[in-house]
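Okay, structure first, notes after.
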Amino acid sequence: MPETSEAALIAAILAGSESAFGELMDRYEGRIVRLLRRFTRDASEVEDLAQEVFVKVFRKLHTFQQDSGLYTWIYRIAVNTANDELSRSGRRRLRLVEDEATLDASLRERRQGDGAAEPLLDEEVREATREVLGDLPEKYRTILVLREYEDLAYHEIADVLGISMGTVESRLFRARQRFKDALARRYPELVPGSRDEGRAGRRGAAEGER
């Protein structure tokens, strides 16, 4: 049975079809729950937030202009709902889940000949990533997660955050650079080639002193 188009699904929901709204939830609930788990590890809180998100979706669907994807619109509601709730409770607005390995592609490269056990390296990378990302300004932390963890396209990020494509590109560039710089300062051993570069720099300095 072919999947109902977004436009037809929206029209059916606005006409009062409960089954159509059930289909919308079946289609998007899993991804929204996965997103909300990035904000809190409390399963009951995730469930409550997801319920609140879809209540808002039902109440606000008539305002959806269909100038962007329906999922992007729902995603924006979910991000705002989670941020608002965590702000009210005084917690940090964005957190990393435990099973993510890294943001930066360079950290996915495994150095050959290091002799490090893979599970130990993975845990080291996860901990370093959480620490470095957690200390970034919120606007950089958020855009990195949307792009690198949620794999949203640039135009989707622009829709979710309410910013222009140019701002997405420049902010993402600065966020990646800040992340790399902070990682290199704190954990140079996790950045491929950084130790070799550091040794070369020290040798050059020593030769210059002679």
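So you can find residues: chains in the structure tokens are A, B, ... in the order shown, residues in each start at 1, and ligands are numbered from 1 in order.
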>> Applying 8 Å and only C-alpha atoms, which residues near segment 50-55 of chain A remain after dropping the ones on its own chain fewer than 3 positions away? List them as a list in words.
In response: Met25, Glu29, Ile32, Val33, Leu36, Val46, Glu47, Phe58, Arg59, Ile74, Ile77, Ala78 and Thr81 of chain A
Selection above as a file: N, CA and C atoms, as a PDB file, in the first residue's frame:
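File out06.pdb, as written:
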```pdb
ATOM      1  N   MET A  25       1.965  10.068  13.316  1.00  0.00           N
ATOM      2  CA  MET A  25       2.782   9.685  14.469  1.00  0.00           C
ATOM      3  C   MET A  25       3.623   8.455  14.156  1.00  0.00           C
ATOM      4  N   GLU A  29       7.270   9.579  14.827  1.00  0.00           N
ATOM      5  CA  GLU A  29       7.501   9.503  16.273  1.00  0.00           C
ATOM      6  C   GLU A  29       8.865   8.921  16.618  1.00  0.00           C
ATOM      7  N   ILE A  32      11.555  11.531  16.245  1.00  0.00           N
ATOM      8  CA  ILE A  32      11.436  12.590  17.248  1.00  0.00           C
ATOM      9  C   ILE A  32      11.898  12.083  18.614  1.00  0.00           C
ATOM     10  N   VAL A  33      11.556  10.864  18.955  1.00  0.00           N
ATOM     11  CA  VAL A  33      12.009  10.286  20.218  1.00  0.00           C
ATOM     12  C   VAL A  33      13.535  10.193  20.234  1.00  0.00           C
ATOM     13  N   LEU A  36      14.874  13.620  20.951  1.00  0.00           N
ATOM     14  CA  LEU A  36      14.665  14.040  22.334  1.00  0.00           C
ATOM     15  C   LEU A  36      15.625  13.340  23.286  1.00  0.00           C
ATOM     16  N   VAL A  46      11.563  11.754  28.258  1.00  0.00           N
ATOM     17  CA  VAL A  46      11.500  11.676  26.796  1.00  0.00           C
ATOM     18  C   VAL A  46      10.070  11.395  26.355  1.00  0.00           C
ATOM     19  N   GLU A  47       9.422  10.476  27.041  1.00  0.00           N
ATOM     20  CA  GLU A  47       8.036  10.128  26.703  1.00  0.00           C
ATOM     21  C   GLU A  47       7.117  11.331  26.883  1.00  0.00           C
ATOM     22  N   PHE A  58      -0.535  18.671  16.615  1.00  0.00           N
ATOM     23  CA  PHE A  58      -1.967  18.574  16.326  1.00  0.00           C
ATOM     24  C   PHE A  58      -2.648  19.944  16.403  1.00  0.00           C
ATOM     25  N   ARG A  59      -2.281  20.710  17.423  1.00  0.00           N
ATOM     26  CA  ARG A  59      -2.921  22.010  17.624  1.00  0.00           C
ATOM     27  C   ARG A  59      -2.464  23.055  16.605  1.00  0.00           C
ATOM     28  N   ILE A  74       8.088  19.701  12.282  1.00  0.00           N
ATOM     29  CA  ILE A  74       7.902  18.971  13.540  1.00  0.00           C
ATOM     30  C   ILE A  74       9.192  18.988  14.348  1.00  0.00           C
ATOM     31  N   ILE A  77       9.571  22.150  16.274  1.00  0.00           N
ATOM     32  CA  ILE A  77       8.722  22.121  17.467  1.00  0.00           C
ATOM     33  C   ILE A  77       9.383  21.292  18.569  1.00  0.00           C
ATOM     34  N   ALA A  78       9.968  20.162  18.188  1.00  0.00           N
ATOM     35  CA  ALA A  78      10.608  19.282  19.167  1.00  0.00           C
ATOM     36  C   ALA A  78      11.822  19.955  19.811  1.00  0.00           C
ATOM     37  N   THR A  81      10.593  22.700  22.114  1.00  0.00           N
ATOM     38  CA  THR A  81       9.939  22.135  23.297  1.00  0.00           C
ATOM     39  C   THR A  81      10.965  21.615  24.291  1.00  0.00           C
TER      40      THR A  81
END
```
> Mind pulling up the distance from atom CA of Glu6 of chain A to atom CA of Leu70 of chain A?
Replying inline: 7.2 Å
> Quick one: residues within 7 Å of segment 135-150 of chain A, only C-alpha atoms counted, chain neighbours fewer than 6 positions away excluded, as a ChimeraX atom specification?
Replying inline: /A:103,157,171-172,175
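Relative to atom CA of Ser17 of chain A, atom CA of Ala82 of chain A is found at 27.6 Å.
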> Neighbours of Ala158 of chain A within 9 Å (only C-alpha atoms; same-chain residues fewer than 6 positions away dropped), as a ChimeraX atom specification?
Replying inline: /A:164-168
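Closest approach to Gln177 of chain A among A:Gln65, A:Leu133, A:Ala8, A:Lys56: A:Leu133, based on only C-alpha atoms.
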> atom CA of Asp26 of chain A and atom CA of Leu9 of chain A are how many Å apart?
Replying inline: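 One can read the atom CA of Asp26 of chain A to atom CA of Leu9 of chain A distance as 12.2 Å.
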>> With only C-alpha atoms as the counted atoms, please give the residues lying no more than 10 Å from Arg31 of chain A, apart from itself and same-chain residues fewer than 6 positions off, as a PyMOL selection string.
In response: chain A and resi 37+71+75+150
Dump of N, CA and C atoms for the selected residues, as a compact mmCIF listing (two decimals), in the first residue's frame:
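Result file follows (result_37.txt):
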```txt
# COMPACT_ATOMS: atom_id res chain seq x y z
N ARG A 37 16.06 12.15 22.92
CA ARG A 37 17.03 11.45 23.76
C ARG A 37 18.38 12.15 23.77
N TYR A 71 8.50 17.09 8.30
CA TYR A 71 9.39 16.63 9.37
C TYR A 71 10.24 17.77 9.91
N TYR A 75 10.30 18.85 13.64
CA TYR A 75 11.61 18.86 14.28
C TYR A 75 11.82 20.17 15.03
N GLU A 150 22.46 14.60 13.64
CA GLU A 150 21.15 14.38 13.04
C GLU A 150 21.19 14.37 11.52
```
>> Among segment 42-71 of chain A, which residues does DSSP mark as helix (DSSP H, G or I) when it is run on the backbone? Keep the chain and numbering as in the structure and answer as a ChimeraX atom specification.
In response: /A:43-63,70-71
Can I get the selection written as a compact mmCIF listing (two decimals), in the first residue's frame, with C-alpha atoms?
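Saved to part.txt:
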```txt
# COMPACT_ATOMS: atom_id res chain seq x y z
CA ALA A 43 13.08 7.73 29.55
CA SER A 44 9.94 9.03 31.25
CA GLU A 45 10.91 12.60 30.44
CA VAL A 46 11.50 11.68 26.80
CA GLU A 47 8.04 10.13 26.70
CA ASP A 48 6.45 13.24 28.24
CA LEU A 49 8.28 15.55 25.84
CA ALA A 50 7.29 13.44 22.84
CA GLN A 51 3.66 13.57 23.90
CA GLU A 52 3.87 17.35 24.31
CA VAL A 53 5.47 17.71 20.88
CA PHE A 54 2.68 15.83 19.11
CA VAL A 55 -0.01 17.68 21.04
CA LYS A 56 1.54 20.89 19.71
CA VAL A 57 1.75 19.42 16.22
CA PHE A 58 -1.97 18.57 16.33
CA ARG A 59 -2.92 22.01 17.62
CA LYS A 60 -0.67 23.97 15.26
CA LEU A 61 -0.92 21.93 12.07
CA HIS A 62 -3.30 24.45 10.54
CA THR A 63 -0.47 27.02 10.70
CA LEU A 70 6.68 18.45 7.44
CA TYR A 71 9.39 16.63 9.37
```
>> I need the residue nearest Leu35 of chain A from this list: A:Ala182, A:Leu190, A:Leu152, A:Ala12. Use only C-alpha atoms for the distance.
In response: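 Closest to Leu35 of chain A of all the choices is A:Leu152.
Of the residues listed (A:Leu161, A:Ala7, A:Asp181, A:Tyr187), A:Tyr187 shows the shortest atom-to-atom separation from Val125 of chain A; distances use only C-alpha atoms.
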